[in-house]
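Asks: Provided below: run_30.txt, containing compact mmCIF, C-alpha atoms and all ligand atoms.
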```
# COMPACT_ATOMS: atom_id res chain seq x y z
CA MET A 1 -33.58 33.18 -31.38
CA ASP A 2 -31.94 35.68 -29.01
CA LEU A 3 -28.35 36.81 -29.47
CA GLN A 4 -26.98 35.12 -26.34
CA HIS A 5 -28.49 31.82 -27.39
CA GLU A 6 -27.05 32.18 -30.87
CA ASN A 7 -23.57 32.87 -29.46
CA ARG A 8 -23.78 29.78 -27.33
CA MET A 9 -24.71 27.65 -30.32
CA ASN A 10 -21.67 28.93 -32.19
CA THR A 11 -19.10 27.95 -29.58
CA THR A 12 -18.20 24.33 -29.00
CA HIS A 13 -18.83 22.80 -25.60
CA LEU A 14 -15.88 21.78 -23.46
CA THR A 15 -14.89 18.13 -23.69
CA ASP A 16 -14.98 16.00 -20.56
CA GLN A 17 -11.22 16.33 -20.16
CA GLN A 18 -11.34 20.12 -20.58
CA LEU A 19 -14.14 20.33 -18.01
CA GLN A 20 -12.06 18.38 -15.50
CA LEU A 21 -9.03 20.57 -16.13
CA PHE A 22 -11.23 23.66 -15.70
CA VAL A 23 -12.67 22.42 -12.41
CA PHE A 24 -9.68 20.71 -10.79
CA GLN A 25 -6.67 22.53 -12.19
CA GLN A 26 -7.75 26.16 -12.15
CA GLY A 27 -5.05 28.60 -13.19
CA HIS A 28 -2.76 28.57 -16.19
CA GLY A 29 -3.89 28.03 -19.77
CA LEU A 30 -7.61 27.79 -19.06
CA GLU A 31 -8.52 31.32 -20.26
CA PRO A 32 -9.84 30.23 -23.69
CA TRP A 33 -12.59 28.24 -21.95
CA THR A 34 -13.49 30.87 -19.36
CA THR A 35 -15.67 32.91 -21.72
CA HIS A 36 -17.59 29.83 -22.84
CA MET A 37 -18.01 28.61 -19.26
CA ALA A 38 -19.40 31.98 -18.21
CA THR A 39 -22.27 31.74 -20.70
CA CYS A 40 -22.96 28.05 -21.38
CA LYS A 41 -25.51 26.58 -18.98
CA ASP A 42 -24.78 23.05 -20.23
CA CYS A 43 -21.10 23.17 -19.39
CA GLN A 44 -21.79 24.96 -16.10
CA LEU A 45 -24.11 22.13 -15.11
CA LYS A 46 -21.50 19.49 -15.96
CA ALA A 47 -18.80 21.41 -14.11
CA THR A 48 -21.04 21.78 -11.05
CA LEU A 49 -21.69 18.06 -11.08
CA TYR A 50 -17.96 17.27 -11.22
CA ARG A 51 -17.16 19.79 -8.49
CA SER A 52 -19.95 18.61 -6.18
CA VAL A 53 -19.21 14.91 -6.63
CA LEU A 54 -15.51 15.30 -5.87
CA GLU A 55 -16.23 17.63 -2.94
CA GLU A 56 -18.43 14.88 -1.52
CA VAL A 57 -15.57 12.41 -1.98
CA ALA A 58 -13.35 14.71 0.09
CA ASN A 59 -16.01 14.78 2.82
CA LEU A 60 -16.63 11.02 2.94
CA GLU A 61 -15.94 9.41 6.30
CA LYS A 62 -12.36 8.15 6.53
CA PRO A 63 -11.98 4.45 7.32
CA VAL A 64 -10.27 3.34 10.54
CA PHE A 65 -9.19 -0.02 11.91
CA ASN A 66 -11.22 -0.58 15.08
CA VAL A 67 -8.30 -2.36 16.73
CA ASP A 68 -5.02 -1.13 18.22
CA LEU A 69 -3.00 -1.95 15.15
CA ALA A 70 0.32 -0.73 16.59
CA SER A 71 0.28 -3.04 19.63
CA GLN A 72 -0.95 -5.99 17.53
CA VAL A 73 1.93 -5.56 15.09
CA ILE A 74 4.51 -5.00 17.85
CA SER A 75 3.33 -8.17 19.64
CA GLN A 76 4.00 -10.11 16.44
CA ILE A 77 7.48 -8.69 16.10
CA GLU A 78 8.61 -9.61 19.64
CA PRO A 79 8.12 -13.39 19.50
CA ALA A 80 9.92 -13.52 16.15
CA LYS A 81 12.96 -11.88 17.74
CA SER A 82 12.97 -14.07 20.83
CA ARG A 83 12.57 -17.18 18.65
CA ILE A 84 15.71 -16.23 16.73
CA ASP A 85 17.60 -15.65 19.98
CA PHE A 86 16.35 -19.00 21.29
CA SER A 87 17.76 -20.87 18.27
CA ARG A 88 21.08 -19.08 18.75
CA VAL A 89 21.13 -20.17 22.40
CA ILE A 90 20.57 -23.80 21.34
CA VAL A 91 23.46 -23.66 18.86
CA GLY A 92 25.69 -22.07 21.52
CA VAL A 93 24.83 -24.64 24.18
CA THR A 94 25.39 -27.54 21.73
CA LEU A 95 28.78 -26.22 20.67
CA PHE A 96 29.81 -25.60 24.26
CA SER A 97 28.82 -29.09 25.43
CA MET A 98 30.58 -30.70 22.44
CA LEU A 99 33.79 -28.82 23.19
CA SER A 100 33.59 -29.66 26.91
CA TRP A 101 33.03 -33.33 26.09
CA LEU A 102 36.11 -33.33 23.81
CA CYS A 103 38.19 -31.71 26.56
CA ILE A 104 37.08 -34.31 29.12
CA ILE A 105 37.90 -37.19 26.75
CA PHE A 106 41.27 -35.62 25.97
CA HIS A 107 41.98 -35.21 29.71
CA TRP A 108 41.12 -38.86 30.50
CA THR A 109 43.08 -40.37 27.64
CA SER A 110 45.99 -37.93 27.25
CA HIS A 111 48.54 -40.33 28.80
CA GLU A 112 47.53 -43.06 26.34
CA LEU A 113 47.24 -40.76 23.27
CA ALA A 114 51.04 -40.48 22.91
CA THR A 115 51.36 -44.23 22.48
CA LEU A 116 48.12 -44.58 20.42
CA PHE A 117 49.56 -43.30 17.15
CA THR A 118 52.97 -44.91 17.49
CA ARG A 119 51.35 -48.33 17.87
CA LEU A 120 49.15 -47.92 14.77
CA SER A 121 50.45 -48.49 11.28
CA ALA A 122 50.66 -45.44 8.98
CA MET A 123 47.86 -46.83 6.78
CA ALA A 124 45.48 -47.19 9.74
CA THR A 125 46.25 -43.65 10.96
CA TYR A 126 45.45 -42.18 7.54
CA LEU A 127 42.19 -44.17 7.35
CA ILE A 128 41.09 -42.98 10.78
CA LEU A 129 41.98 -39.35 10.03
CA LEU A 130 40.24 -39.44 6.63
CA THR A 131 37.02 -41.01 7.98
CA GLY A 132 36.97 -38.73 11.00
CA SER A 133 37.48 -35.51 9.05
CA SER A 134 34.92 -36.45 6.35
CA LEU A 135 32.29 -37.18 9.00
CA LEU A 136 33.06 -33.91 10.74
CA ILE A 137 32.76 -31.93 7.48
CA PHE A 138 29.40 -33.55 6.60
CA LEU A 139 28.11 -32.91 10.10
CA VAL A 140 29.08 -29.25 10.00
CA ILE A 141 27.54 -28.77 6.53
CA SER A 142 24.23 -30.39 7.46
CA LEU A 143 24.04 -28.48 10.76
CA TYR A 144 24.67 -25.22 8.91
CA GLN A 145 22.03 -26.01 6.25
CA GLU A 146 19.47 -26.86 8.89
CA PHE A 147 20.25 -23.65 10.75
CA GLN A 148 19.92 -21.58 7.55
CA GLY A 149 16.58 -23.24 6.76
CA LYS A 150 15.23 -22.41 10.22
CA MET A 151 16.38 -18.81 9.97
CA LYS A 152 14.71 -18.46 6.56
CA ARG A 153 11.41 -19.81 7.89
CA LEU A 154 11.59 -17.46 10.88
CA THR A 155 12.19 -14.43 8.68
CA LEU A 156 9.29 -15.34 6.39
CA SER A 157 6.80 -16.20 9.11
CA MET B 1 1.23 20.05 7.78
CA GLU B 2 5.00 19.69 8.20
CA SER B 3 7.44 21.00 5.60
CA ARG B 4 9.19 18.38 3.48
CA PRO B 5 12.76 18.81 4.91
CA ASN B 6 11.36 18.61 8.45
CA GLN B 7 9.35 15.55 7.52
CA LEU B 8 12.41 13.84 6.03
CA ALA B 9 14.52 14.65 9.10
CA ASN B 10 11.79 13.20 11.32
CA ASP B 11 11.58 10.10 9.14
CA ARG B 12 15.35 9.59 9.43
CA ILE B 13 15.30 9.83 13.22
CA LEU B 14 12.39 7.41 13.52
CA VAL B 15 13.89 4.88 11.11
CA ARG B 16 17.28 5.01 12.88
CA LYS B 17 15.56 4.37 16.22
CA VAL B 18 13.61 1.38 14.86
CA LEU B 19 16.74 -0.12 13.31
CA ALA B 20 18.45 0.23 16.71
CA GLY B 21 15.63 -1.90 18.17
CA ASP B 22 13.33 0.83 19.54
CA GLN B 23 9.85 -0.64 19.15
CA ARG B 24 8.13 2.48 20.48
CA ALA B 25 9.48 4.32 17.44
CA PHE B 26 7.91 1.68 15.19
CA SER B 27 4.64 2.07 17.05
CA GLN B 28 4.90 5.83 16.36
CA ILE B 29 5.39 5.12 12.63
CA ILE B 30 2.31 2.87 12.60
CA LYS B 31 0.16 5.49 14.35
CA ALA B 32 1.31 8.20 11.95
CA THR B 33 0.63 6.20 8.80
CA GLU B 34 -2.30 3.88 9.58
CA GLY B 35 -4.78 6.43 8.20
CA LEU B 36 -3.24 6.26 4.75
CA VAL B 37 -2.79 2.48 5.00
CA ALA B 38 -6.47 2.11 5.99
CA GLN B 39 -7.57 4.27 3.04
CA ILE B 40 -5.66 2.13 0.55
CA ILE B 41 -6.70 -1.19 2.10
CA PHE B 42 -10.37 -0.25 2.46
CA LYS B 43 -10.50 1.00 -1.12
CA MET B 44 -8.67 -2.02 -2.57
CA ILE B 45 -10.01 -4.90 -0.46
CA ALA B 46 -13.75 -5.50 -0.38
CA ASN B 47 -13.76 -8.32 2.19
CA PRO B 48 -13.75 -6.80 5.71
CA ASP B 49 -12.21 -9.98 7.20
CA ASP B 50 -9.11 -9.64 5.04
CA ARG B 51 -8.46 -5.98 5.82
CA LYS B 52 -6.99 -6.28 9.33
CA ASP B 53 -4.71 -9.18 8.32
CA MET B 54 -3.62 -7.15 5.32
CA ALA B 55 -2.68 -4.18 7.53
CA GLN B 56 -0.63 -6.42 9.84
CA ASP B 57 1.04 -7.98 6.81
CA VAL B 58 1.94 -4.54 5.51
CA TYR B 59 3.56 -3.39 8.76
CA LEU B 60 5.47 -6.65 9.21
CA LYS B 61 6.85 -6.13 5.68
CA VAL B 62 7.69 -2.52 6.52
CA TYR B 63 9.55 -3.70 9.65
CA GLN B 64 11.52 -6.31 7.71
CA GLN B 65 12.39 -4.00 4.80
CA LEU B 66 13.04 -0.81 6.78
CA GLY B 67 16.80 -1.33 6.58
CA ARG B 68 16.54 -1.09 2.79
CA PHE B 69 14.57 2.19 2.81
CA ARG B 70 16.79 4.88 1.23
CA PHE B 71 14.63 8.02 1.85
CA GLN B 72 14.00 8.54 -1.87
CA ALA B 73 10.42 9.41 -0.82
CA LYS B 74 8.60 10.28 2.39
CA LEU B 75 8.35 7.30 4.75
CA SER B 76 4.54 7.47 4.55
CA THR B 77 4.70 7.37 0.73
CA TRP B 78 6.99 4.33 0.87
CA ILE B 79 4.61 2.60 3.31
CA GLY B 80 1.73 3.53 0.99
CA GLN B 81 3.63 1.88 -1.86
CA ILE B 82 4.09 -1.35 0.14
CA THR B 83 0.38 -1.26 1.07
CA TYR B 84 -0.80 -0.75 -2.50
CA HIS B 85 1.36 -3.55 -3.87
CA THR B 86 0.43 -5.94 -1.05
CA CYS B 87 -3.25 -5.33 -1.90
CA LEU B 88 -2.58 -5.69 -5.62
CA HIS B 89 -0.80 -9.00 -5.02
CA HIS B 90 -3.73 -10.17 -2.85
CA LEU B 91 -6.26 -9.31 -5.57
CA GLU B 92 -4.18 -11.03 -8.23
CA ARG B 93 -3.81 -14.13 -6.05
CA LYS B 94 -7.57 -14.25 -5.50
CA LYS B 95 -8.10 -13.62 -9.22
CA ILE B 96 -10.25 -10.56 -8.56
CA ALA B 97 -10.65 -8.38 -11.64
CA LEU B 98 -8.80 -5.09 -11.35
CA VAL B 99 -10.19 -3.38 -14.42
CA PRO B 100 -13.97 -3.11 -14.58
CA ILE B 101 -15.81 -4.89 -17.32
CA GLY B 102 -17.55 -2.43 -19.62
CA ASP B 103 -16.98 1.03 -18.14
CA SER B 104 -18.68 2.29 -21.26
CA ASP B 105 -21.93 0.50 -20.36
CA LEU B 106 -22.56 3.42 -18.07
CA GLU B 107 -22.38 6.18 -20.70
CA PRO B 108 -25.47 8.25 -19.88
CA SER B 109 -28.27 7.78 -22.36
CA PRO B 110 -29.75 10.95 -23.95
CA GLY B 111 -32.85 10.77 -21.76
CA PHE B 112 -30.80 10.83 -18.54
CA SER B 113 -31.49 13.75 -16.30
CA THR B 114 -28.56 15.45 -14.60
CA PRO B 115 -28.60 16.47 -10.96
CA PHE B 116 -28.79 20.27 -10.48
CA GLU B 117 -30.91 20.62 -13.62
CA ASN B 118 -33.48 22.67 -11.75
CA GLU B 119 -33.78 24.18 -8.32
CA ILE B 120 -36.02 21.49 -6.78
CA GLU B 121 -33.79 18.71 -8.00
CA SER B 122 -30.79 20.68 -6.86
CA GLN B 123 -32.15 20.82 -3.31
CA LEU B 124 -32.91 17.11 -3.37
CA ILE B 125 -29.58 16.09 -4.78
CA ARG B 126 -27.52 18.07 -2.28
CA GLU B 127 -29.16 16.17 0.56
CA GLU B 128 -28.72 12.81 -1.10
CA LEU B 129 -25.45 13.46 -2.88
CA SER B 130 -23.29 12.19 -0.03
CA GLN B 131 -24.98 8.77 -0.08
CA LEU B 132 -25.07 8.78 -3.88
CA VAL B 133 -21.32 9.42 -4.09
CA ALA B 134 -20.58 6.78 -1.44
CA ASP B 135 -22.61 4.22 -3.43
CA ALA B 136 -20.95 5.24 -6.68
CA MET B 137 -17.49 4.92 -5.09
CA ASP B 138 -18.40 1.39 -3.95
CA GLN B 139 -19.18 0.46 -7.55
CA LEU B 140 -15.88 1.78 -8.86
CA ASN B 141 -13.02 -0.65 -9.51
CA PRO B 142 -10.38 -0.82 -6.72
CA ILE B 143 -7.67 1.08 -8.59
CA TYR B 144 -9.88 4.01 -9.65
CA ARG B 145 -11.33 4.16 -6.14
CA THR B 146 -7.86 4.30 -4.60
CA LEU B 147 -6.57 6.95 -7.01
CA ILE B 148 -9.57 9.22 -6.43
CA THR B 149 -9.28 8.81 -2.66
CA LEU B 150 -5.54 9.54 -2.60
CA TYR B 151 -5.96 12.69 -4.68
CA HIS B 152 -9.26 14.14 -3.49
CA GLN B 153 -9.44 12.93 0.11
CA GLU B 154 -5.83 12.42 1.20
CA GLU B 155 -4.76 15.40 -0.94
CA LEU B 156 -1.58 13.73 -2.19
CA SER B 157 0.17 15.20 -5.23
CA TYR B 158 0.31 13.42 -8.61
CA SER B 159 3.99 12.74 -7.93
CA GLU B 160 3.32 11.14 -4.53
CA ILE B 161 0.52 9.01 -5.98
CA GLY B 162 2.90 8.04 -8.80
CA GLN B 163 5.42 6.84 -6.22
CA ILE B 164 2.77 4.81 -4.38
CA VAL B 165 1.36 3.06 -7.45
CA GLN B 166 4.75 3.11 -9.22
CA LEU B 167 3.46 4.73 -12.41
CA PRO B 168 4.64 7.90 -14.17
CA GLU B 169 2.85 11.13 -13.23
CA GLY B 170 1.32 11.40 -16.72
CA THR B 171 -0.22 7.95 -16.41
CA VAL B 172 -1.60 8.81 -12.96
CA LYS B 173 -3.20 11.96 -14.44
CA SER B 174 -4.88 10.07 -17.26
CA TYR B 175 -6.05 7.27 -14.91
CA LEU B 176 -7.49 9.93 -12.60
CA PHE B 177 -9.24 11.63 -15.49
CA ARG B 178 -10.85 8.34 -16.47
CA ALA B 179 -11.65 7.51 -12.83
CA ARG B 180 -13.48 10.83 -12.26
CA LYS B 181 -15.42 10.37 -15.49
CA VAL B 182 -16.51 6.85 -14.52
CA LEU B 183 -17.41 8.03 -11.00
CA LYS B 184 -19.55 10.85 -12.41
CA GLU B 185 -21.27 8.36 -14.74
CA HIS B 186 -21.95 6.00 -11.81
CA VAL B 187 -23.49 8.90 -9.86
CA LEU B 188 -25.72 9.78 -12.82
CA TRP B 189 -26.67 6.15 -13.27
CA ILE B 190 -27.64 5.62 -9.63
CA TYR B 191 -29.43 8.99 -9.50
CA ASN B 192 -31.51 8.18 -12.58
CA THR B 193 -32.30 4.67 -11.35
CA LYS B 194 -33.53 6.18 -8.08
CA ILE B 195 -35.74 8.85 -9.62
CA GLY B 196 -37.04 6.17 -11.99
ZN ZN A 201 -20.83 24.46 -23.35
```
Now, as a test, write the supplied structure out as structure tokens.

Replies:
Amino acid sequence: MDLQHENRMNTTHLTDQQLQLFVFQQGHGLEPWTTHMATCKDCQLKATLYRSVLEEVANLEKPVFNVDLASQVISQIEPAKSRIDFSRVIVGVTLFSMLSWLCIIFHWTSHELATLFTRLSAMATYLILLTGSSLLIFLVISLYQEFQGKMKRLTLS
Amino acid sequence: MESRPNQLANDRILVRKVLAGDQRAFSQIIKATEGLVAQIIFKMIANPDDRKDMAQDVYLKVYQQLGRFRFQAKLSTWIGQITYHTCLHHLERKKIALVPIGDSDLEPSPGFSTPFENEIESQLIREELSQLVADAMDQLNPIYRTLITLYHQEELSYSEIGQIVQLPEGTVKSYLFRARKVLKEHVLWIYNTKIG
């Protein structure tokens, strides 16, 4: 048995983790293994395999999307925005027409309104006010909930 | 390669423009980051039909969440993080196993020959190695494949990979160690199956 071979037998081989550190993190703290690596054919072979395999990984062809991703994504963003604007327009138009309608009714009946409440009994006035305001509150709440629901669906879609 | 402060300043300008409604700026962001997004999606998602939808999903999420981005990382890293977790969620929903069954099945048996053992084999292996490594990468589980790609092909640091996969640097290092070991074993396995 020659001397070099005997020396090699006496030193322990690098573990897998040590080999990786030696190959991929060259620099600090690896000196104790350098001497062994310089002489041990076994460890050199393993290190070469690690180095070559990971070099091949670096050279592998990079994947690409064979479509114009940017314009496809942008085209999906635009309709979402215009759909939100559209729903706002609907709400605006509805509110505007309701207000106009109220104004017209008020204009037509203003001369009779003054006498309307004086002719009614107090009880009847309270009943009308109570029913009217409750209906209005329910209407506003349900409109708001529906609007919120639509907005949520638009944001998620 | 741009320096980090420059990169951050650029990111800030682009994000501000997008938030002000500039869609060309968003298109610029997509073009600058789609390489990284493609790497993650291609490594995580095996079905080619799902990949394009996944990429669109990712960028729609980015667009919706951009207002919440606080520049704690590079914009590309943040987009990488959204991509990785979108893929992870997709795999979980489809009940696709993330951790391979029996990594240890591939431990090389004593009779296995190692590439580069002699000169003739060395010549042979260098020509075939590229295909061998590509095949071995395909056999790796999605997470290992992604980690190896991000470190060895995209040349990201452990810290950046940690931000993308939302794991501590130490965990990334030990996952990568395991991933390289499994990859090497796959290469040996395929090589020995081929040479019979
Ligand atoms: Zn050794």

Asks: Go through chain A and flag each residue having an atom no more than 9 Å from ligand ZN 201 (chain A); for those, report the closest pair of atoms plus their distance in Å to one decimal, using only C-alpha atoms and all ligand atoms, ordered by chain and rising number, as a tab-separated table.

Replies:
```
residue	atom	partner	partner_atom	distance
A:Arg8	CA	A:ZN201	ZN	7.3
A:Met9	CA	A:ZN201	ZN	8.6
A:Thr11	CA	A:ZN201	ZN	7.3
A:Thr12	CA	A:ZN201	ZN	6.2
A:His13	CA	A:ZN201	ZN	3.4
A:Leu14	CA	A:ZN201	ZN	5.6
A:Thr15	CA	A:ZN201	ZN	8.7
A:His36	CA	A:ZN201	ZN	6.3
A:Met37	CA	A:ZN201	ZN	6.5
A:Thr39	CA	A:ZN201	ZN	7.9
A:Cys40	CA	A:ZN201	ZN	4.6
A:Lys41	CA	A:ZN201	ZN	6.7
A:Asp42	CA	A:ZN201	ZN	5.2
A:Cys43	CA	A:ZN201	ZN	4.2
A:Gln44	CA	A:ZN201	ZN	7.3
A:Lys46	CA	A:ZN201	ZN	8.9
```

Asks: So, with all atoms listed in the file as the atoms that count, which of B:Leu150, B:Ile40, B:Val172, B:Ile161 lies closest to B:Leu88?

Replies: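 The shortest atom-to-atom distance to B:Leu88 comes from B:Ile40.
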
Asks: In Å, how far is it from atom CA of B:Thr83 to atom CA of B:Val58?

Replies: 5.7 Å

Asks: Which one is closest to B:Leu176: B:Arg12, B:Leu147, B:His152, B:Gln163? Count all atoms listed in the file.

Replies: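 Between B:Arg12, B:Leu147, B:His152, B:Gln163, the residue approaching B:Leu176 most closely is B:Leu147.
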
Asks: Would you mind listing what lies within 12 Å of B:Arg145 as a PyMOL selection string, with only C-alpha atoms counted and same-chain residues fewer than 5 positions away left out?

Replies: (chain A and resi 54+57) or (chain B and resi 39-46+98-100+133-140+150-153+175-176+178-183)

Asks: Next, the residues of the selection above should be written as a tab-separated table (two decimals), in the frame of the given file with C-alpha atoms.

Replies:
```
chain	number	residue	atom	x	y	z
A	54	LEU	CA	-15.51	15.30	-5.87
A	57	VAL	CA	-15.57	12.41	-1.98
B	39	GLN	CA	-7.57	4.27	3.04
B	40	ILE	CA	-5.66	2.13	0.55
B	41	ILE	CA	-6.70	-1.19	2.10
B	42	PHE	CA	-10.37	-0.25	2.46
B	43	LYS	CA	-10.50	1.00	-1.12
B	44	MET	CA	-8.67	-2.02	-2.57
B	45	ILE	CA	-10.01	-4.90	-0.46
B	46	ALA	CA	-13.75	-5.50	-0.38
B	98	LEU	CA	-8.80	-5.09	-11.35
B	99	VAL	CA	-10.19	-3.38	-14.42
B	100	PRO	CA	-13.97	-3.11	-14.58
B	133	VAL	CA	-21.32	9.42	-4.09
B	134	ALA	CA	-20.58	6.78	-1.44
B	135	ASP	CA	-22.61	4.22	-3.43
B	136	ALA	CA	-20.95	5.24	-6.68
B	137	MET	CA	-17.49	4.92	-5.09
B	138	ASP	CA	-18.40	1.39	-3.95
B	139	GLN	CA	-19.18	0.46	-7.55
B	140	LEU	CA	-15.88	1.78	-8.86
B	150	LEU	CA	-5.54	9.54	-2.60
B	151	TYR	CA	-5.96	12.69	-4.68
B	152	HIS	CA	-9.26	14.14	-3.49
B	153	GLN	CA	-9.44	12.93	0.11
B	175	TYR	CA	-6.05	7.27	-14.91
B	176	LEU	CA	-7.49	9.93	-12.60
B	178	ARG	CA	-10.85	8.34	-16.47
B	179	ALA	CA	-11.65	7.51	-12.83
B	180	ARG	CA	-13.48	10.83	-12.26
B	181	LYS	CA	-15.42	10.37	-15.49
B	182	VAL	CA	-16.51	6.85	-14.52
B	183	LEU	CA	-17.41	8.03	-11.00
```

Asks: I'd like to know which of B:Asn10, B:Ser159, B:Thr193, B:Thr149 is closest to A:Lys62, using all atoms listed in the file.

Replies: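 Closest to A:Lys62, using all atoms listed in the file: B:Thr149.
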
Asks: For the interface of chain B with chain A (cut-off 9 Å, counting only C-alpha atoms), please tabulate each contacting residue of chain B alongside its nearest pair of atoms and their separation in Å to one decimal, rows sorted by chain and increasing number, as JSON lines.

Replies:
```
{"residue": "B:Gln23", "atom": "CA", "partner": "A:Ile74", "partner_atom": "CA", "distance": 7.0}
{"residue": "B:Arg24", "atom": "CA", "partner": "A:Ile74", "partner_atom": "CA", "distance": 8.7}
{"residue": "B:Phe26", "atom": "CA", "partner": "A:Ile74", "partner_atom": "CA", "distance": 8.0}
{"residue": "B:Ser27", "atom": "CA", "partner": "A:Ala70", "partner_atom": "CA", "distance": 5.2}
{"residue": "B:Gln28", "atom": "CA", "partner": "A:Ala70", "partner_atom": "CA", "distance": 8.0}
{"residue": "B:Ile29", "atom": "CA", "partner": "A:Ala70", "partner_atom": "CA", "distance": 8.7}
{"residue": "B:Ile30", "atom": "CA", "partner": "A:Ala70", "partner_atom": "CA", "distance": 5.7}
{"residue": "B:Lys31", "atom": "CA", "partner": "A:Ala70", "partner_atom": "CA", "distance": 6.6}
{"residue": "B:Glu34", "atom": "CA", "partner": "A:Val64", "partner_atom": "CA", "distance": 8.0}
{"residue": "B:Gly35", "atom": "CA", "partner": "A:Val64", "partner_atom": "CA", "distance": 6.7}
{"residue": "B:Ala38", "atom": "CA", "partner": "A:Val64", "partner_atom": "CA", "distance": 6.1}
{"residue": "B:Gln39", "atom": "CA", "partner": "A:Pro63", "partner_atom": "CA", "distance": 6.1}
{"residue": "B:Phe42", "atom": "CA", "partner": "A:Pro63", "partner_atom": "CA", "distance": 6.9}
{"residue": "B:Arg51", "atom": "CA", "partner": "A:Phe65", "partner_atom": "CA", "distance": 8.6}
{"residue": "B:Lys52", "atom": "CA", "partner": "A:Phe65", "partner_atom": "CA", "distance": 7.1}
{"residue": "B:Ala55", "atom": "CA", "partner": "A:Leu69", "partner_atom": "CA", "distance": 7.9}
{"residue": "B:Gln56", "atom": "CA", "partner": "A:Val73", "partner_atom": "CA", "distance": 5.9}
{"residue": "B:Asp57", "atom": "CA", "partner": "A:Val73", "partner_atom": "CA", "distance": 8.7}
{"residue": "B:Tyr59", "atom": "CA", "partner": "A:Val73", "partner_atom": "CA", "distance": 6.9}
{"residue": "B:Leu60", "atom": "CA", "partner": "A:Val73", "partner_atom": "CA", "distance": 6.9}
{"residue": "B:Tyr63", "atom": "CA", "partner": "A:Ile77", "partner_atom": "CA", "distance": 8.4}
{"residue": "B:Gln64", "atom": "CA", "partner": "A:Thr155", "partner_atom": "CA", "distance": 8.2}
{"residue": "B:Thr114", "atom": "CA", "partner": "A:Leu45", "partner_atom": "CA", "distance": 8.0}
{"residue": "B:Pro115", "atom": "CA", "partner": "A:Leu49", "partner_atom": "CA", "distance": 7.1}
{"residue": "B:Phe116", "atom": "CA", "partner": "A:Leu45", "partner_atom": "CA", "distance": 6.8}
{"residue": "B:Glu117", "atom": "CA", "partner": "A:Leu45", "partner_atom": "CA", "distance": 7.1}
{"residue": "B:Arg126", "atom": "CA", "partner": "A:Ser52", "partner_atom": "CA", "distance": 8.5}
{"residue": "B:Leu129", "atom": "CA", "partner": "A:Glu56", "partner_atom": "CA", "distance": 7.3}
{"residue": "B:Ser130", "atom": "CA", "partner": "A:Glu56", "partner_atom": "CA", "distance": 5.8}
{"residue": "B:Leu132", "atom": "CA", "partner": "A:Val53", "partner_atom": "CA", "distance": 8.9}
{"residue": "B:Val133", "atom": "CA", "partner": "A:Val53", "partner_atom": "CA", "distance": 6.4}
{"residue": "B:Ala134", "atom": "CA", "partner": "A:Leu60", "partner_atom": "CA", "distance": 7.3}
{"residue": "B:Met137", "atom": "CA", "partner": "A:Val57", "partner_atom": "CA", "distance": 8.3}
{"residue": "B:Ile148", "atom": "CA", "partner": "A:Val57", "partner_atom": "CA", "distance": 8.1}
{"residue": "B:Thr149", "atom": "CA", "partner": "A:Val57", "partner_atom": "CA", "distance": 7.3}
{"residue": "B:His152", "atom": "CA", "partner": "A:Ala58", "partner_atom": "CA", "distance": 5.5}
{"residue": "B:Gln153", "atom": "CA", "partner": "A:Ala58", "partner_atom": "CA", "distance": 4.3}
{"residue": "B:Glu154", "atom": "CA", "partner": "A:Ala58", "partner_atom": "CA", "distance": 7.9}
{"residue": "B:Glu155", "atom": "CA", "partner": "A:Ala58", "partner_atom": "CA", "distance": 8.7}
{"residue": "B:Phe177", "atom": "CA", "partner": "A:Gln17", "partner_atom": "CA", "distance": 6.9}
{"residue": "B:Arg178", "atom": "CA", "partner": "A:Gln17", "partner_atom": "CA", "distance": 8.8}
{"residue": "B:Arg180", "atom": "CA", "partner": "A:Tyr50", "partner_atom": "CA", "distance": 7.9}
{"residue": "B:Lys181", "atom": "CA", "partner": "A:Asp16", "partner_atom": "CA", "distance": 7.6}
{"residue": "B:Leu183", "atom": "CA", "partner": "A:Val53", "partner_atom": "CA", "distance": 8.3}
{"residue": "B:Lys184", "atom": "CA", "partner": "A:Tyr50", "partner_atom": "CA", "distance": 6.7}
{"residue": "B:Val187", "atom": "CA", "partner": "A:Val53", "partner_atom": "CA", "distance": 8.1}
```
